[in-house]
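S.K.: Sending over my_file_5.cif (mmCIF, C-alpha atoms).
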data_protein
#
loop_
_atom_site.group_PDB
_atom_site.id
_atom_site.type_symbol
_atom_site.label_atom_id
_atom_site.label_comp_id
_atom_site.auth_asym_id
_atom_site.auth_seq_id
_atom_site.Cartn_x
_atom_site.Cartn_y
_atom_site.Cartn_z
ATOM 1 C CA MET A 15 0.000 0.000 0.000
ATOM 2 C CA ASN A 16 1.159 3.511 -0.795
ATOM 3 C CA ASN A 17 2.333 5.200 2.409
ATOM 4 C CA THR A 18 0.502 8.380 1.466
ATOM 5 C CA PRO A 19 -3.052 7.678 0.322
ATOM 6 C CA GLU A 20 -4.821 10.515 -1.410
ATOM 7 C CA ILE A 21 -7.881 10.308 0.868
ATOM 8 C CA SER A 22 -8.259 9.610 4.588
ATOM 9 C CA ILE A 23 -11.779 9.128 5.908
ATOM 10 C CA VAL A 24 -12.229 9.615 9.664
ATOM 11 C CA ILE A 25 -15.368 8.095 11.168
ATOM 12 C CA PRO A 26 -16.210 8.489 14.867
ATOM 13 C CA VAL A 27 -18.322 5.534 16.008
ATOM 14 C CA PHE A 28 -20.468 5.080 19.104
ATOM 15 C CA ASN A 29 -22.896 2.151 19.447
ATOM 16 C CA GLU A 30 -23.492 1.789 15.714
ATOM 17 C CA GLU A 31 -23.831 -1.995 15.396
ATOM 18 C CA ASP A 32 -27.178 -1.651 13.593
ATOM 19 C CA CYS A 33 -25.844 0.405 10.678
ATOM 20 C CA LEU A 34 -22.101 -0.300 10.683
ATOM 21 C CA THR A 35 -22.112 -3.157 8.161
ATOM 22 C CA ASN A 36 -24.227 -1.122 5.739
ATOM 23 C CA LEU A 37 -21.906 1.867 6.159
ATOM 24 C CA ILE A 38 -18.810 -0.238 5.504
ATOM 25 C CA TYR A 39 -20.134 -1.823 2.305
ATOM 26 C CA ARG A 40 -21.331 1.519 0.988
ATOM 27 C CA LEU A 41 -18.005 3.190 1.832
ATOM 28 C CA LEU A 42 -16.021 0.473 0.085
ATOM 29 C CA ALA A 43 -18.219 0.723 -3.026
ATOM 30 C CA VAL A 44 -17.976 4.528 -3.157
ATOM 31 C CA MET A 45 -14.238 4.636 -2.680
ATOM 32 C CA GLN A 46 -13.608 1.852 -5.188
ATOM 33 C CA GLU A 47 -15.696 3.766 -7.715
ATOM 34 C CA THR A 48 -13.613 6.933 -7.213
ATOM 35 C CA GLY A 49 -10.450 5.055 -8.190
ATOM 36 C CA ARG A 50 -8.507 7.014 -5.566
ATOM 37 C CA ASP A 51 -6.167 5.522 -2.988
ATOM 38 C CA TYR A 52 -7.719 5.811 0.468
ATOM 39 C CA GLU A 53 -7.657 4.748 4.091
ATOM 40 C CA LEU A 54 -10.527 4.418 6.568
ATOM 41 C CA ILE A 55 -9.928 5.436 10.178
ATOM 42 C CA PHE A 56 -12.617 4.329 12.605
ATOM 43 C CA VAL A 57 -12.527 5.803 16.116
ATOM 44 C CA ASN A 58 -14.632 3.695 18.477
ATOM 45 C CA ASP A 59 -15.698 6.150 21.164
ATOM 46 C CA GLY A 60 -16.361 3.623 23.941
ATOM 47 C CA SER A 61 -19.187 1.657 22.313
ATOM 48 C CA THR A 62 -20.935 -0.840 24.589
ATOM 49 C CA ASP A 63 -22.670 -2.854 21.864
ATOM 50 C CA ARG A 64 -21.077 -5.108 19.197
ATOM 51 C CA THR A 65 -19.451 -2.174 17.369
ATOM 52 C CA SER A 66 -15.920 -3.129 18.432
ATOM 53 C CA GLU A 67 -16.413 -6.732 17.337
ATOM 54 C CA LEU A 68 -17.699 -5.633 13.912
ATOM 55 C CA LEU A 69 -14.867 -3.129 13.443
ATOM 56 C CA ASN A 70 -12.240 -5.707 14.352
ATOM 57 C CA ALA A 71 -13.692 -8.193 11.845
ATOM 58 C CA PHE A 72 -13.633 -5.481 9.170
ATOM 59 C CA TYR A 73 -10.024 -4.675 10.028
ATOM 60 C CA GLU A 74 -9.096 -8.362 9.728
ATOM 61 C CA ASP A 75 -10.562 -8.397 6.194
ATOM 62 C CA HIS A 76 -8.948 -5.090 5.120
ATOM 63 C CA PRO A 77 -5.804 -4.432 7.216
ATOM 64 C CA ASP A 78 -4.233 -2.451 4.380
ATOM 65 C CA LYS A 79 -7.121 0.052 4.255
ATOM 66 C CA VAL A 80 -8.402 0.237 7.840
ATOM 67 C CA THR A 81 -7.052 1.776 11.019
ATOM 68 C CA LEU A 82 -8.904 1.265 14.305
ATOM 69 C CA ILE A 83 -8.652 3.508 17.333
ATOM 70 C CA GLU A 84 -10.415 2.147 20.419
ATOM 71 C CA PHE A 85 -11.248 4.449 23.341
ATOM 72 C CA ASN A 86 -11.756 2.954 26.796
ATOM 73 C CA GLY A 87 -14.718 5.272 27.416
ATOM 74 C CA ASN A 88 -17.044 7.715 25.694
ATOM 75 C CA TYR A 89 -15.121 10.976 25.250
ATOM 76 C CA GLY A 90 -17.284 12.611 22.600
ATOM 77 C CA GLN A 91 -17.264 13.235 18.883
ATOM 78 C CA TYR A 92 -14.764 16.109 18.954
ATOM 79 C CA THR A 93 -12.157 14.048 20.820
ATOM 80 C CA ALA A 94 -12.752 11.079 18.522
ATOM 81 C CA ILE A 95 -12.259 13.173 15.395
ATOM 82 C CA CYS A 96 -9.102 14.780 16.762
ATOM 83 C CA ALA A 97 -7.717 11.307 17.548
ATOM 84 C CA GLY A 98 -8.427 10.327 13.954
ATOM 85 C CA PHE A 99 -6.790 13.516 12.682
ATOM 86 C CA GLU A 100 -3.621 12.581 14.543
ATOM 87 C CA GLN A 101 -3.451 9.293 12.583
ATOM 88 C CA VAL A 102 -4.349 10.403 9.040
ATOM 89 C CA ARG A 103 -1.852 9.921 6.250
ATOM 90 C CA GLY A 104 -3.949 11.259 3.370
ATOM 91 C CA ILE A 105 -3.594 14.505 1.486
ATOM 92 C CA LYS A 106 -7.348 15.150 1.724
ATOM 93 C CA VAL A 107 -9.338 14.213 4.816
ATOM 94 C CA VAL A 108 -13.063 13.518 4.960
ATOM 95 C CA THR A 109 -15.083 13.209 8.158
ATOM 96 C CA LEU A 110 -18.298 11.233 8.214
ATOM 97 C CA ASP A 111 -20.820 10.184 10.861
ATOM 98 C CA ALA A 112 -21.315 6.439 11.158
ATOM 99 C CA ASP A 113 -25.117 6.661 11.497
ATOM 100 C CA LEU A 114 -25.673 7.174 7.729
ATOM 101 C CA GLN A 115 -27.378 10.531 8.261
ATOM 102 C CA ASN A 116 -24.790 11.674 5.718
ATOM 103 C CA PRO A 117 -24.685 9.172 2.846
ATOM 104 C CA PRO A 118 -21.175 8.037 1.884
ATOM 105 C CA GLU A 119 -22.280 8.390 -1.742
ATOM 106 C CA GLU A 120 -21.868 12.168 -1.256
ATOM 107 C CA ILE A 121 -18.100 11.868 -0.674
ATOM 108 C CA PRO A 122 -17.253 12.314 -4.396
ATOM 109 C CA LYS A 123 -19.022 15.708 -4.342
ATOM 110 C CA LEU A 124 -16.777 16.872 -1.507
ATOM 111 C CA LEU A 125 -13.703 15.577 -3.315
ATOM 112 C CA GLN A 126 -14.751 17.364 -6.509
ATOM 113 C CA LYS A 127 -14.871 20.673 -4.626
ATOM 114 C CA MET A 128 -11.432 19.919 -3.180
ATOM 115 C CA ASP A 129 -10.178 19.197 -6.714
ATOM 116 C CA GLU A 130 -11.491 22.647 -7.727
ATOM 117 C CA GLY A 131 -9.076 24.216 -5.240
ATOM 118 C CA HIS A 132 -11.063 24.523 -2.020
ATOM 119 C CA ASP A 133 -9.144 23.593 1.106
ATOM 120 C CA TYR A 134 -12.245 23.090 3.263
ATOM 121 C CA VAL A 135 -15.669 21.898 2.116
ATOM 122 C CA GLY A 136 -18.661 21.648 4.443
ATOM 123 C CA GLY A 137 -21.618 19.395 3.779
ATOM 124 C CA ILE A 138 -25.230 20.390 4.381
ATOM 125 C CA ARG A 139 -27.866 17.947 5.583
ATOM 126 C CA CYS A 140 -30.913 18.150 3.335
ATOM 127 C CA LYS A 141 -33.090 15.753 5.313
ATOM 128 C CA ARG A 142 -32.174 16.198 8.952
ATOM 129 C CA LYS A 143 -33.394 13.572 11.372
ATOM 130 C CA ASP A 144 -33.292 15.998 14.308
ATOM 131 C CA ASN A 145 -36.436 17.050 16.131
ATOM 132 C CA LEU A 146 -37.863 20.562 15.819
ATOM 133 C CA MET A 147 -36.301 21.806 19.072
ATOM 134 C CA ARG A 148 -32.833 20.627 18.063
ATOM 135 C CA ARG A 149 -33.136 22.275 14.632
ATOM 136 C CA TRP A 150 -34.271 25.536 16.271
ATOM 137 C CA CYS A 151 -31.369 25.458 18.752
ATOM 138 C CA SER A 152 -28.967 24.759 15.897
ATOM 139 C CA LYS A 153 -30.201 27.804 13.981
ATOM 140 C CA ALA A 154 -29.877 29.976 17.086
ATOM 141 C CA ILE A 155 -26.312 28.800 17.774
ATOM 142 C CA ASN A 156 -25.344 29.283 14.126
ATOM 143 C CA SER A 157 -26.723 32.824 14.223
ATOM 144 C CA ILE A 158 -24.867 33.720 17.421
ATOM 145 C CA ARG A 159 -21.627 32.193 16.127
ATOM 146 C CA GLU A 160 -21.900 34.089 12.840
ATOM 147 C CA LYS A 161 -22.541 37.425 14.582
ATOM 148 C CA THR A 162 -19.706 37.006 17.089
ATOM 149 C CA THR A 163 -17.067 35.424 14.848
ATOM 150 C CA GLN A 164 -18.042 36.343 11.269
ATOM 151 C CA ILE A 165 -17.746 32.635 10.451
ATOM 152 C CA LYS A 166 -20.633 31.669 8.152
ATOM 153 C CA ILE A 167 -21.322 27.932 8.133
ATOM 154 C CA THR A 168 -24.731 26.799 6.884
ATOM 155 C CA ASP A 169 -24.870 23.502 8.801
ATOM 156 C CA GLN A 170 -22.296 23.386 11.567
ATOM 157 C CA GLY A 171 -23.742 20.118 12.869
ATOM 158 C CA CYS A 172 -23.142 18.256 9.608
ATOM 159 C CA MET A 173 -20.170 15.979 10.114
ATOM 160 C CA MET A 174 -19.653 15.322 6.394
ATOM 161 C CA ARG A 175 -16.745 17.594 5.589
ATOM 162 C CA ALA A 176 -13.516 17.559 3.609
ATOM 163 C CA TYR A 177 -10.279 19.222 4.671
ATOM 164 C CA SER A 178 -6.854 19.730 3.175
ATOM 165 C CA ARG A 179 -4.098 18.046 5.133
ATOM 166 C CA SER A 180 -2.695 21.410 6.235
ATOM 167 C CA ILE A 181 -5.995 22.292 7.945
ATOM 168 C CA VAL A 182 -6.209 18.903 9.668
ATOM 169 C CA ASP A 183 -2.634 19.280 10.906
ATOM 170 C CA ALA A 184 -3.411 22.790 12.220
ATOM 171 C CA ILE A 185 -6.493 21.509 14.072
ATOM 172 C CA ALA A 186 -4.571 18.578 15.576
ATOM 173 C CA GLN A 187 -1.733 20.861 16.682
ATOM 174 C CA ALA A 188 -4.075 23.496 18.137
ATOM 175 C CA GLN A 189 -5.300 21.007 20.768
ATOM 176 C CA GLU A 190 -8.399 23.117 21.382
ATOM 177 C CA LYS A 191 -10.756 21.452 23.831
ATOM 178 C CA SER A 192 -14.021 23.354 23.432
ATOM 179 C CA VAL A 193 -14.391 24.491 19.847
ATOM 180 C CA PHE A 194 -16.388 23.243 16.887
ATOM 181 C CA ILE A 195 -14.089 21.566 14.378
ATOM 182 C CA SER A 196 -15.987 23.118 11.480
ATOM 183 C CA ALA A 197 -15.474 26.648 12.834
ATOM 184 C CA LEU A 198 -11.798 26.007 13.545
ATOM 185 C CA ALA A 199 -11.337 24.595 10.021
ATOM 186 C CA TYR A 200 -13.092 27.639 8.543
ATOM 187 C CA LYS A 201 -10.680 29.855 10.460
ATOM 188 C CA TYR A 202 -7.659 28.042 8.977
ATOM 189 C CA ALA A 203 -9.101 27.753 5.440
ATOM 190 C CA SER A 204 -7.991 30.112 2.704
ATOM 191 C CA ASN A 205 -10.679 28.930 0.263
ATOM 192 C CA PRO A 206 -13.700 27.327 2.052
ATOM 193 C CA ALA A 207 -16.850 26.055 0.315
ATOM 194 C CA GLU A 208 -20.220 24.635 1.323
#
Could the structure of this file be written out as structure tokens, please?
M.R.:
Amino acid sequence: MNNTPEISIVIPVFNEEDCLTNLIYRLLAVMQETGRDYELIFVNDGSTDRTSELLNAFYEDHPDKVTLIEFNGNYGQYTAICAGFEQVRGIKVVTLDADLQNPPEEIPKLLQKMDEGHDYVGGIRCKRKDNLMRRWCSKAINSIREKTTQIKITDQGCMMRAYSRSIVDAIAQAQEKSVFISALAYKYASNPAE
């Protein structure tokens, strides 16, 4: 395997045994179709179901493409993503939720924007599965963040994003503990897109 894959995909996972197999097969199909060299980095954030067992079986079948990071407890999505960022080898890095709220079939669209010269591309959820209160709170937080920081991100809660390696390295080195990754990436980006 090439020591520097073009694409690294970081996937934080917490109790996803019900959808993990579907995610894996869809990811493999999408990435094979792109024809790009890639790696998959799964960060198991302290799952208590069969997630670890399923991830280990997947690793056994694809040790050249898969890296597993196992936490001994649930530390949260931000910590899981940062742990994945510390392990990436790719030139372009994609983050993706394991729950399939963001279809892996959308990854080529992010990569296309990266190919056009953007160093940070944010996804937008078209069919959110959140309840009304959560959507309202999200809009309020986005509005406050935009007014106080001048950072305009349409869907800060969408985990499907693509980053240049330089942005991922800057985030990993910053070691911020209480910031949204998307806002931090926007800050470091010279040419962001959504």
S.K.: In Å, with one decimal, what is the gap from CA of Cys33 (chain A) to CA of Gln101 (chain A)?
M.R.: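 Computing it gives 24.2 Å between the two atoms.
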S.K.: Please write as number ranges by chain the full residue list that the PyMOL selection byres ((chain A and resi 94) around 12) yields on this file.
M.R.: A: 24-28, 55-60, 82-93, 95-101, 109-111, 186, 191, 195
S.K.: Could you list the residues chosen by the PyMOL selection byres ((chain A and resi 78) around 10) in this structure as a count of residues only?
M.R.: 13
S.K.: Kindly indicate which residue among A:Ser61, A:Asn17, A:Ile121, A:Val102 lies nearest to Leu42 (chain A), using all atoms listed in the file for the distances.
M.R.: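 Checking each candidate against Leu42 (chain A), we get A:Ile121 as the closest.
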S.K.: Which value, in Å to one decimal, gives the distance between CA of Gly49 (chain A) and CA of Ile105 (chain A)?
M.R.: 15.2 Å
S.K.: Using the chain letters and numbering of this document, enumerate as JSON, numbers by chain the residues selected by the PyMOL selection byres ((chain A and resi 179) around 6).
M.R.: {"A": [105, 106, 178, 180, 181, 182]}
S.K.: So how far away is CA of Tyr39 (chain A) from CA of Arg103 (chain A), in Å?
M.R.: 22.1 Å
S.K.: Which residue, A:Met174, A:Arg50, A:Ala188, A:Thr35, has the smallest gap to Gln115 (chain A) when you use all atoms listed in the file?
M.R.: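 Closest candidate: A:Met174.
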S.K.: Calculated over all atoms listed in the file, which of the candidates A:Ile38, A:Leu146, A:Val44, A:Ala176 has the smallest distance to Gln126 (chain A)?
M.R.: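 Looking only at the distances to Gln126 (chain A), the closest residue turns out to be A:Ala176.
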S.K.: Can you list, as a list of chain:residue names, every protein, DNA or RNA residue that comes within 8 Å of Glu31 (chain A) when you count all atoms listed in the file, leaving out same-chain residues fewer than 4 positions away?
M.R.: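 Selected residues are A:Thr35, A:Asp63, A:Arg64, A:Thr65, A:Leu68.
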